[in-house]
Structures are given as structure tokens and as C-alpha cells.
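So this block is entry_38.txt, compact mmCIF, C-alpha atoms:
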# COMPACT_ATOMS: atom_id res chain seq x y z
CA MET L 1 -154.35 -113.82 -9.76
CA PHE L 2 -151.42 -113.52 -7.37
CA LYS L 3 -150.50 -110.33 -5.56
CA ALA L 4 -148.54 -109.84 -2.34
CA GLU L 5 -147.47 -106.57 -0.75
CA LEU L 6 -145.02 -106.10 2.12
CA SER L 7 -144.02 -102.95 3.97
CA ASP L 8 -140.66 -104.42 5.06
CA SER L 9 -138.33 -105.43 2.22
CA ASN L 10 -135.80 -106.87 4.70
CA ILE L 11 -137.97 -109.93 5.31
CA LEU L 12 -137.49 -111.13 1.74
CA LYS L 13 -133.91 -109.90 1.43
CA THR L 14 -132.67 -111.66 4.58
CA SER L 15 -134.53 -114.90 3.75
CA PHE L 16 -133.19 -115.23 0.24
CA ASP L 17 -129.70 -114.09 1.18
CA ALA L 18 -129.48 -117.37 3.09
CA ILE L 19 -131.48 -119.47 0.63
CA SER L 20 -129.51 -118.33 -2.45
CA SER L 21 -126.29 -119.40 -0.71
CA ILE L 22 -127.66 -122.91 -0.34
CA VAL L 23 -129.69 -123.68 -3.48
CA ASP L 24 -129.50 -122.41 -7.10
CA GLU L 25 -133.15 -122.89 -8.01
CA VAL L 26 -136.35 -123.06 -6.00
CA GLN L 27 -140.04 -123.53 -6.50
CA ILE L 28 -142.03 -121.03 -4.46
CA GLN L 29 -145.54 -122.35 -3.94
CA THR L 30 -148.39 -119.95 -3.26
CA ASP L 31 -151.97 -120.48 -2.17
CA SER L 32 -154.55 -118.68 -0.06
CA GLU L 33 -152.57 -119.40 3.13
CA GLY L 34 -149.30 -117.81 1.96
CA MET L 35 -145.97 -118.53 0.28
CA ARG L 36 -143.64 -121.45 1.02
CA LEU L 37 -140.71 -123.33 -0.37
CA GLU L 38 -138.72 -126.44 0.48
CA ALA L 39 -135.40 -127.18 -1.15
CA LEU L 40 -132.35 -129.42 -0.85
CA ASP L 41 -128.87 -128.41 -1.96
CA ARG L 42 -127.07 -130.39 -4.68
CA SER L 43 -124.84 -132.19 -2.20
CA HIS L 44 -127.88 -133.24 -0.11
CA ILE L 45 -126.28 -131.74 2.99
CA THR L 46 -128.65 -128.83 3.71
CA PHE L 47 -132.45 -128.74 3.60
CA VAL L 48 -134.23 -125.40 3.77
CA HIS L 49 -137.85 -124.52 4.50
CA LEU L 50 -139.44 -121.07 4.24
CA GLU L 51 -143.02 -120.18 5.08
CA LEU L 52 -144.50 -116.68 4.89
CA LYS L 53 -148.13 -116.69 5.96
CA SER L 54 -150.71 -114.52 4.24
CA SER L 55 -151.20 -112.66 7.55
CA LEU L 56 -147.63 -111.31 7.25
CA PHE L 57 -148.50 -109.26 4.18
CA ASP L 58 -150.26 -105.90 4.07
CA GLU L 59 -152.20 -107.21 1.10
CA TYR L 60 -152.29 -110.79 -0.12
CA ILE L 61 -154.38 -112.24 -2.94
CA CYS L 62 -154.00 -115.72 -4.40
CA ASP L 63 -157.08 -116.90 -6.30
CA GLU L 64 -155.54 -120.25 -7.19
CA PRO L 65 -152.28 -122.05 -6.26
CA GLU L 66 -149.22 -120.99 -8.23
CA LYS L 67 -145.73 -122.47 -8.64
CA ILE L 68 -143.00 -119.88 -9.10
CA ASN L 69 -139.85 -121.57 -10.46
CA ILE L 70 -137.00 -119.13 -10.07
CA ASP L 71 -133.22 -118.81 -10.05
CA THR L 72 -132.28 -117.74 -6.54
CA ASP L 73 -129.22 -115.72 -7.63
CA GLU L 74 -131.31 -113.66 -10.04
CA LEU L 75 -133.96 -113.11 -7.37
CA MET L 76 -131.32 -112.04 -4.85
CA LYS L 77 -129.79 -109.56 -7.31
CA VAL L 78 -133.16 -107.82 -7.45
CA LEU L 79 -133.86 -107.98 -3.71
CA LYS L 80 -130.47 -106.39 -3.01
CA ARG L 81 -131.69 -103.31 -4.88
CA SER L 82 -134.41 -102.72 -2.28
CA LYS L 83 -134.04 -100.00 0.32
CA SER L 84 -135.01 -100.48 3.95
CA ASP L 85 -138.06 -98.20 3.70
CA ASP L 86 -139.32 -99.57 0.36
CA ARG L 87 -142.66 -101.28 0.07
CA VAL L 88 -142.48 -104.48 -1.98
CA LEU L 89 -145.17 -105.59 -4.39
CA MET L 90 -144.99 -109.06 -5.97
CA THR L 91 -147.13 -110.24 -8.89
CA LEU L 92 -147.02 -112.79 -11.73
CA ASP L 93 -147.53 -112.05 -15.42
CA GLU L 94 -146.83 -114.10 -18.57
CA GLY L 95 -143.93 -116.15 -17.26
CA ASN L 96 -142.43 -113.36 -15.18
CA PHE L 97 -142.16 -112.83 -11.44
CA ILE L 98 -142.60 -109.08 -11.08
CA ILE L 99 -141.16 -107.25 -8.09
CA THR L 100 -141.87 -103.57 -7.57
CA PHE L 101 -140.18 -101.39 -4.96
CA GLU L 102 -142.20 -98.33 -3.97
CA GLY L 103 -140.29 -95.60 -2.19
CA GLU L 104 -138.83 -92.32 -3.36
CA ALA L 105 -139.37 -93.73 -6.83
CA THR L 106 -141.24 -96.76 -8.18
CA ARG L 107 -138.84 -99.38 -9.54
CA THR L 108 -140.06 -102.52 -11.28
CA PHE L 109 -138.12 -105.68 -12.11
CA LYS L 110 -139.31 -108.65 -14.18
CA ILE L 111 -137.54 -111.94 -13.46
CA ARG L 112 -138.06 -114.67 -16.04
CA LEU L 113 -139.44 -117.87 -14.58
CA ILE L 114 -137.40 -120.97 -15.40
CA ASP L 115 -138.36 -124.42 -16.65
CA MET L 116 -137.48 -127.04 -14.09
CA GLU L 117 -138.63 -130.49 -13.09
CA TYR L 118 -139.21 -130.23 -9.40
CA GLU L 119 -140.16 -132.72 -6.75
CA THR L 120 -140.62 -131.09 -3.38
CA PRO L 121 -138.10 -132.74 -1.05
CA VAL L 122 -139.44 -134.29 2.14
CA PRO L 123 -137.26 -133.84 5.22
CA PRO L 124 -136.67 -136.87 7.44
CA GLN L 125 -138.80 -137.06 10.55
CA ILE L 126 -136.34 -137.00 13.44
CA GLU L 127 -136.99 -137.23 17.17
CA TYR L 128 -134.45 -135.07 18.96
CA PRO L 129 -133.37 -135.58 22.58
CA THR L 130 -132.78 -131.82 23.08
CA LYS L 131 -134.35 -128.52 22.10
CA PHE L 132 -133.27 -125.06 23.25
CA GLU L 133 -133.09 -121.41 22.22
CA VAL L 134 -130.12 -119.08 21.85
CA PRO L 135 -129.94 -115.43 20.78
CA PHE L 136 -129.29 -115.22 17.06
CA THR L 137 -126.47 -112.69 17.51
CA LEU L 138 -124.69 -115.03 19.97
CA LEU L 139 -124.83 -117.86 17.46
CA LYS L 140 -123.47 -115.65 14.68
CA ASP L 141 -120.67 -114.34 16.92
CA SER L 142 -119.79 -117.92 17.84
CA ILE L 143 -119.32 -118.78 14.15
CA ASN L 144 -116.96 -115.83 13.71
CA ASP L 145 -115.02 -116.84 16.85
CA ILE L 146 -114.65 -120.45 15.71
CA ASP L 147 -113.54 -119.31 12.25
CA VAL L 148 -110.29 -118.06 13.80
CA PHE L 149 -108.97 -121.63 14.10
CA SER L 150 -111.10 -124.16 12.21
CA ASP L 151 -113.55 -124.87 9.39
CA LYS L 152 -115.45 -127.33 11.59
CA ILE L 153 -117.61 -126.53 14.60
CA SER L 154 -118.61 -128.79 17.45
CA LEU L 155 -122.03 -128.04 18.96
CA LYS L 156 -122.71 -129.56 22.37
CA VAL L 157 -125.55 -129.09 24.82
CA GLY L 158 -126.07 -130.47 28.31
CA PRO L 159 -128.27 -129.77 31.33
CA GLU L 160 -126.72 -126.35 31.92
CA LYS L 161 -124.77 -125.09 28.92
CA PHE L 162 -124.67 -124.87 25.16
CA VAL L 163 -121.08 -124.99 23.91
CA ALA L 164 -119.74 -124.15 20.46
CA ALA L 165 -116.11 -125.18 20.08
CA ALA L 166 -113.32 -125.94 17.63
CA GLU L 167 -109.85 -127.41 17.67
CA GLY L 168 -107.41 -126.26 15.01
CA ASP L 169 -103.76 -126.76 14.15
CA PHE L 170 -102.86 -123.40 15.65
CA GLY L 171 -105.31 -123.09 18.52
CA ASP L 172 -108.70 -123.83 20.08
CA ALA L 173 -111.83 -121.75 20.67
CA SER L 174 -114.85 -122.30 22.91
CA ILE L 175 -118.04 -120.31 23.51
CA GLU L 176 -120.39 -121.25 26.37
CA TYR L 177 -123.97 -120.10 26.88
CA ILE L 178 -126.20 -120.88 29.91
CA HIS L 179 -129.44 -121.82 28.17
CA GLY L 180 -131.86 -122.13 31.12
CA GLU L 181 -133.78 -124.98 29.46
CA LYS L 182 -134.81 -128.29 30.99
CA ILE L 183 -132.35 -130.66 29.31
CA GLU L 184 -131.52 -133.94 31.00
CA THR L 185 -128.88 -135.37 28.66
CA GLU L 186 -125.68 -134.26 26.93
CA VAL L 187 -125.31 -134.53 23.17
CA LYS L 188 -122.73 -133.42 20.62
CA SER L 189 -122.37 -133.18 16.83
CA LEU L 190 -119.80 -131.80 14.42
CA PHE L 191 -120.71 -129.57 11.47
CA SER L 192 -119.19 -127.65 8.58
CA LEU L 193 -118.66 -124.05 9.61
CA ASP L 194 -119.31 -122.75 6.09
CA LYS L 195 -122.68 -124.49 5.91
CA ILE L 196 -123.85 -122.93 9.17
CA ARG L 197 -122.55 -119.54 8.04
CA GLU L 198 -124.83 -119.77 4.98
CA MET L 199 -127.87 -120.21 7.23
CA LEU L 200 -126.94 -117.31 9.46
CA LYS L 201 -127.14 -114.78 6.65
CA ALA L 202 -130.82 -114.54 7.62
CA ASP L 203 -129.98 -112.21 10.47
CA LYS L 204 -133.07 -109.99 10.27
CA PHE L 205 -135.63 -112.80 10.27
CA SER L 206 -135.70 -113.46 14.03
CA ASP L 207 -133.78 -112.49 17.16
CA ILE L 208 -133.97 -116.04 18.51
CA ALA L 209 -132.71 -119.31 17.02
CA GLU L 210 -134.32 -122.58 18.10
CA ILE L 211 -131.85 -125.47 17.94
CA LYS L 212 -132.45 -129.21 18.11
CA LEU L 213 -129.42 -131.43 18.62
CA GLY L 214 -128.54 -135.08 19.10
CA ASP L 215 -125.39 -137.20 19.06
CA ASP L 216 -124.08 -137.20 15.46
CA MET L 217 -127.53 -136.12 14.27
CA PRO L 218 -128.45 -133.36 11.80
CA LEU L 219 -128.64 -129.83 13.14
CA ASN L 220 -132.20 -128.49 13.16
CA LEU L 221 -132.12 -124.69 13.21
CA SER L 222 -135.36 -122.69 13.14
CA LEU L 223 -135.94 -118.96 12.98
CA VAL L 224 -139.54 -118.04 13.82
CA MET L 225 -140.94 -114.54 13.67
CA ILE L 226 -142.18 -113.29 17.02
CA THR L 227 -145.58 -112.70 15.42
CA GLY L 228 -145.72 -116.31 14.19
CA ASP L 229 -146.29 -115.08 10.62
CA GLY L 230 -143.12 -116.61 9.18
CA GLU L 231 -140.60 -119.39 9.68
CA LEU L 232 -137.22 -120.09 8.10
CA SER L 233 -135.70 -123.43 9.09
CA PHE L 234 -132.73 -125.54 8.10
CA LEU L 235 -131.62 -129.14 8.48
CA LEU L 236 -127.86 -129.71 8.19
CA ALA L 237 -126.21 -133.13 8.00
CA PRO L 238 -123.43 -133.69 10.54
CA ARG L 239 -119.78 -134.21 9.73
CA LEU L 240 -118.23 -137.37 11.05
CA GLU L 241 -115.02 -137.20 13.07
CA THR L 242 -113.33 -139.14 10.26
CA ASP L 243 -114.30 -136.53 7.62
CA GLU L 244 -111.40 -134.69 6.09

What does this structure look like when you write it as C-alpha cells?
Amino acid sequence: MFKAELSDSNILKTSFDAISSIVDEVQIQTDSEGMRLEALDRSHITFVHLELKSSLFDEYICDEPEKINIDTDELMKVLKRSKSDDRVLMTLDEGNFIITFEGEATRTFKIRLIDMEYETPVPPQIEYPTKFEVPFTLLKDSINDIDVFSDKISLKVGPEKFVAAAEGDFGDASIEYIHGEKIETEVKSLFSLDKIREMLKADKFSDIAEIKLGDDMPLNLSLVMITGDGELSFLLAPRLETDE
């Protein structure tokens, strides 16, 4: 038996708003410790990891491990129908993932599970020379600022500042943030703006983004709930200066 109940529908909605932009299909794995998924987009550019611990839920029952193979677009269509004050109940029954929203009315949706061959992707183990935190809203604003001139974004961090910048045909943009971390080196990588924008749809998951950067290394972006009950993280391959 699997049953999970949440009082805040935004947790699922914000998570899968980002995930559905990156991957078409996922396998959500459940056991007594909670729900998790790991997925890689078709172009092998973005890796995504989601973990929702059993302690996050108001009620959580999982008698034996389950694998929920689901189309992320179909799941997101349902989650978008939730209201901010709805309670969310999730169960499994005869090849369906059942989501019930309890609020002014009780609304139930059955999403057909899909057949898929799935090997859980394993992210590369990378040692990063830098790690720092920035406010999530600042990072999202930086993306919108950069978008004025370019579809590529340069992320640089040094001992004092984190800098997001772009150079375009019609102008340049730069955003600087004093991070206050102990960083002894300066590193820089270039990334696709659209790919980072997909990640930042998860704007209600955490107020803080933890970033790991290195020279021409993948971007490691983690959003961790302040309670420690959930984590949504991404790994994004860098663009090379020679990329068109």
C-alpha cells in the first residue's frame, strides 16, 4: 500500500513545474523513507534529482517499494489544478497514480501509469573548488536581466563576489552579489540561459540556492528545504566558448 498526504500543494506543483520542463517521463521511486526521482534529459545536458522525505508528509505509508512511471506533462496538468489551500492525497491503484485535492470540494484525478524501460541515471561525482549560497529571487532576477541581451549566461565567483553576466550583439549585462563565503579561488563557466530558466521554475521550493562552480565545469544547483525534509537539485553541462 502507498499513501501520501500533504497540506501544501505548492511543494509538488513547484517541483514538477521545473521537472516537466526538463524531462518527459520519470520514474518516481517510493519506500518507507519517502519519494525520490533521478532523471536525465534527452540531450544529456541536465540531470535532476528530487527527494521528498516521509517526514515532510502529514501522513505517509509505503508498505513496500513502488515504482511510479509517469508522463511529467500529464502529471503537471493535474498539479496545476490544485489550489494553494488544498490538501493533496496521493495513492496507487490498478495502474493509476491517483491524486486527490481536498478543499472546498474533493477533486480526484487518475493518471495512467506508463510502460517504460528505465535505468536510473547516475550523476558524475565531481569535486568542486567553490560552494556558495545566493537568494533564490536574486538568481531568478539575474536570469531575467541577462535575457535582455543574450541566450548565454556567464557565472563567475571569486573571493568576494558572485557575478552573472552576458555579452550580446546589442549590449552587455552584469549582476554582482557579495556572497560572504570563504572562497579562495576564482572560477567561471558559461551556460544556456534557457536551461537555467527551466530549473528556476521551482521558485517555492526554497528561498536559498546553493551553487557549486568550477572552470568550465557543470553547474550544480541545489534547493534544500529549510526543514531538511526535501531537496531538488540539478546538474547542468557547461557551454563552451566555441558553442554556437

Nearby residues (only C-alpha atoms) at most 7 Å from segment 118-126 of chain L, same-chain spacing under 6 positions excluded, as a list in words:
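In the requested form, the answer reads Glu38, Ala39 and Leu40 of chain L.
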
As an exercise, work out the distance from atom CA of Gly214 of chain L to atom CA of Ser15 of chain L in Å and give it to one decimal place.
26.1 Å

Point out the residue among L:Leu236, L:Ile19, L:Ile61, L:Leu213 with the least atom-to-atom distance to Met35 of chain L, counting all atoms listed in the file.
L:Ile61

Which residues are near segment 73-83 of chain L? Cut-off 6 Å, only C-alpha atoms, ignore same chain within fewer than 3 positions. Put them as a ChimeraX atom specification.
/L:13,20,86

Spatial neighbours of segment 138-141 of chain L, max dist 10 Å, all atoms listed in the file, sep filter under 2 positions, as a tab-separated table (two decimals) with C-alpha atoms, in the coordinates of the input:
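Saved result, out_37.tsv, follows:
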chain	number	residue	atom	x	y	z
L	134	VAL	CA	-130.12	-119.08	21.85
L	135	PRO	CA	-129.94	-115.43	20.78
L	136	PHE	CA	-129.29	-115.22	17.06
L	143	ILE	CA	-119.32	-118.78	14.15
L	144	ASN	CA	-116.96	-115.83	13.71
L	145	ASP	CA	-115.02	-116.84	16.85
L	146	ILE	CA	-114.65	-120.45	15.71
L	147	ASP	CA	-113.54	-119.31	12.25
L	164	ALA	CA	-119.74	-124.15	20.46
L	175	ILE	CA	-118.04	-120.31	23.51
L	176	GLU	CA	-120.39	-121.25	26.37
L	177	TYR	CA	-123.97	-120.10	26.88
L	196	ILE	CA	-123.85	-122.93	9.17
L	197	ARG	CA	-122.55	-119.54	8.04
L	199	MET	CA	-127.87	-120.21	7.23
L	200	LEU	CA	-126.94	-117.31	9.46
L	201	LYS	CA	-127.14	-114.78	6.65
L	203	ASP	CA	-129.98	-112.21	10.47
L	207	ASP	CA	-133.78	-112.49	17.16
L	208	ILE	CA	-133.97	-116.04	18.51
L	209	ALA	CA	-132.71	-119.31	17.02

I'd like the neighbourhood of segment 96-104 of chain L as a list in words, where a residue qualifies if any of its atoms comes within 9 Å (using all atoms listed in the file), though same-chain residues fewer than 2 positions away should be ignored.
Ser9, Ile68, Ile70, Val78, Leu79, Arg81, Ser82, Lys83, Asp85, Asp86, Arg87, Val88, Leu89, Met90, Thr91, Leu92, Asp93, Glu94, Thr106, Arg107, Thr108, Phe109, Lys110, Ile111, Arg112 and Leu113 of chain L

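Distances from L:Tyr60, L:Phe205, L:Phe2, L:Phe132 to Val224 of chain L were compared using only C-alpha atoms, and the smallest one belongs to L:Phe205.
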
Skip Ser189 of chain L itself and residues of its chain fewer than 6 positions away, then list as a PyMOL selection string all residues within 6 Å of it, counting only C-alpha atoms.
chain L and resi 154-155+215-216

Please report the interatomic distance between atom CA of Glu184 of chain L and atom CA of Gly158 of chain L in Å with one decimal.
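Answer for the atom CA of Glu184 of chain L to atom CA of Gly158 of chain L separation: 7.0 Å.
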
Rounded to one decimal, what separation in Å do you get between atom CA of His179 of chain L and atom CA of Leu12 of chain L?
29.6 Å

So, counting all atoms listed in the file, which residue among L:Ala166, L:Ala202, L:Met116, L:Ala237 is closest to Ala18 of chain L?
L:Ala202

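Nearest residue to Ser233 of chain L among L:Val26, L:Leu50, L:Arg42, L:Asp63 is L:Leu50, counting only C-alpha atoms.
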
For segment 228-241 of chain L, take all atoms listed in the file, fit an axis-aligned box around them, add 3 Å to each of the six sides, then output centre and edge lengths in Å rounded to one decimal, as AutoDock Vina command-line options.
--center_x -130.7 --center_y -126.2 --center_z 11.1 --size_x 37.3 --size_y 28.3 --size_z 12.2

Can you tell me, as a PyMOL selection string, which residues sit within 6 Å of (-114.3, -128.3, 6.4) in the file's frame, using only C-alpha atoms?
chain L and resi 151-152+192

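Nearest-residue note for Ser21 of chain L: choosing from L:Lys161, L:Leu6, L:Ile183, L:Asp71, the minimum distance belongs to L:Asp71, counting all atoms listed in the file.
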
Among listed residues L:Lys204, L:Lys195, L:Lys156, L:Lys3, nearest Ser174 of chain L (using all atoms listed in the file)
L:Lys156

For segment 210-221 of chain L, supply all heavy atoms and report the output as a short mmCIF file (atom, residue, chain, number, x, y, z; two decimals), keeping the file's coordinate frame.
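File result_5.cif, as written:
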data_model
loop_
_atom_site.label_atom_id
_atom_site.label_comp_id
_atom_site.auth_asym_id
_atom_site.auth_seq_id
_atom_site.Cartn_x
_atom_site.Cartn_y
_atom_site.Cartn_z
N GLU L 210 -133.98 -121.34 17.40
CA GLU L 210 -134.32 -122.58 18.10
C GLU L 210 -133.47 -123.70 17.51
O GLU L 210 -133.44 -123.89 16.30
CB GLU L 210 -135.80 -122.92 17.96
CG GLU L 210 -136.17 -124.19 18.71
CD GLU L 210 -137.58 -124.64 18.43
OE1 GLU L 210 -137.77 -125.40 17.44
OE2 GLU L 210 -138.50 -124.25 19.17
N ILE L 211 -132.77 -124.41 18.38
CA ILE L 211 -131.85 -125.47 17.94
C ILE L 211 -132.30 -126.82 18.51
O ILE L 211 -132.66 -126.91 19.68
CB ILE L 211 -130.42 -125.17 18.40
CG1 ILE L 211 -129.90 -123.90 17.72
CG2 ILE L 211 -129.48 -126.33 18.10
CD1 ILE L 211 -128.53 -123.46 18.20
N LYS L 212 -132.25 -127.83 17.67
CA LYS L 212 -132.45 -129.21 18.11
C LYS L 212 -131.18 -129.97 17.77
O LYS L 212 -130.68 -129.90 16.65
CB LYS L 212 -133.65 -129.84 17.41
CG LYS L 212 -134.98 -129.17 17.74
CD LYS L 212 -136.13 -129.82 16.97
CE LYS L 212 -137.45 -129.10 17.23
NZ LYS L 212 -138.55 -129.68 16.42
N LEU L 213 -130.67 -130.70 18.78
CA LEU L 213 -129.42 -131.43 18.62
C LEU L 213 -129.53 -132.85 19.15
O LEU L 213 -130.31 -133.12 20.06
CB LEU L 213 -128.30 -130.73 19.40
CG LEU L 213 -127.46 -129.62 18.75
CD1 LEU L 213 -126.41 -129.15 19.74
CD2 LEU L 213 -126.82 -130.07 17.46
N GLY L 214 -128.70 -133.72 18.59
CA GLY L 214 -128.54 -135.08 19.10
C GLY L 214 -127.13 -135.55 18.79
O GLY L 214 -126.40 -134.88 18.04
N ASP L 215 -126.73 -136.67 19.33
CA ASP L 215 -125.39 -137.20 19.06
C ASP L 215 -125.25 -137.59 17.59
O ASP L 215 -125.98 -138.49 17.11
CB ASP L 215 -125.11 -138.43 19.94
CG ASP L 215 -124.70 -138.03 21.35
OD1 ASP L 215 -123.98 -137.02 21.50
OD2 ASP L 215 -125.11 -138.71 22.31
N ASP L 216 -124.33 -136.92 16.89
CA ASP L 216 -124.08 -137.20 15.46
C ASP L 216 -125.37 -137.20 14.64
O ASP L 216 -125.53 -137.98 13.70
CB ASP L 216 -123.35 -138.54 15.30
CG ASP L 216 -121.97 -138.51 15.93
OD1 ASP L 216 -121.31 -137.46 15.87
OD2 ASP L 216 -121.56 -139.55 16.51
N MET L 217 -126.26 -136.28 14.99
CA MET L 217 -127.53 -136.12 14.27
C MET L 217 -127.51 -134.79 13.52
O MET L 217 -126.72 -133.90 13.85
CB MET L 217 -128.71 -136.16 15.26
CG MET L 217 -128.92 -137.51 15.91
SD MET L 217 -130.15 -137.45 17.26
CE MET L 217 -131.65 -137.07 16.32
N PRO L 218 -128.38 -134.64 12.51
CA PRO L 218 -128.45 -133.36 11.80
C PRO L 218 -128.79 -132.21 12.76
O PRO L 218 -129.49 -132.39 13.76
CB PRO L 218 -129.58 -133.58 10.79
CG PRO L 218 -129.62 -135.06 10.59
CD PRO L 218 -129.29 -135.66 11.91
N LEU L 219 -128.28 -131.04 12.42
CA LEU L 219 -128.64 -129.83 13.14
C LEU L 219 -129.98 -129.33 12.62
O LEU L 219 -130.16 -129.17 11.41
CB LEU L 219 -127.57 -128.76 12.92
CG LEU L 219 -127.92 -127.33 13.35
CD1 LEU L 219 -128.09 -127.23 14.85
CD2 LEU L 219 -126.86 -126.34 12.86
N ASN L 220 -130.92 -129.10 13.51
CA ASN L 220 -132.20 -128.49 13.16
C ASN L 220 -132.20 -127.07 13.71
O ASN L 220 -132.18 -126.88 14.92
CB ASN L 220 -133.35 -129.32 13.74
CG ASN L 220 -134.71 -128.82 13.27
OD1 ASN L 220 -135.03 -127.64 13.37
ND2 ASN L 220 -135.53 -129.74 12.79
N LEU L 221 -132.17 -126.09 12.82
CA LEU L 221 -132.12 -124.69 13.21
C LEU L 221 -133.34 -123.98 12.66
O LEU L 221 -133.58 -123.96 11.45
CB LEU L 221 -130.85 -124.04 12.65
CG LEU L 221 -130.70 -122.52 12.84
CD1 LEU L 221 -130.48 -122.19 14.32
CD2 LEU L 221 -129.55 -121.98 12.01
#
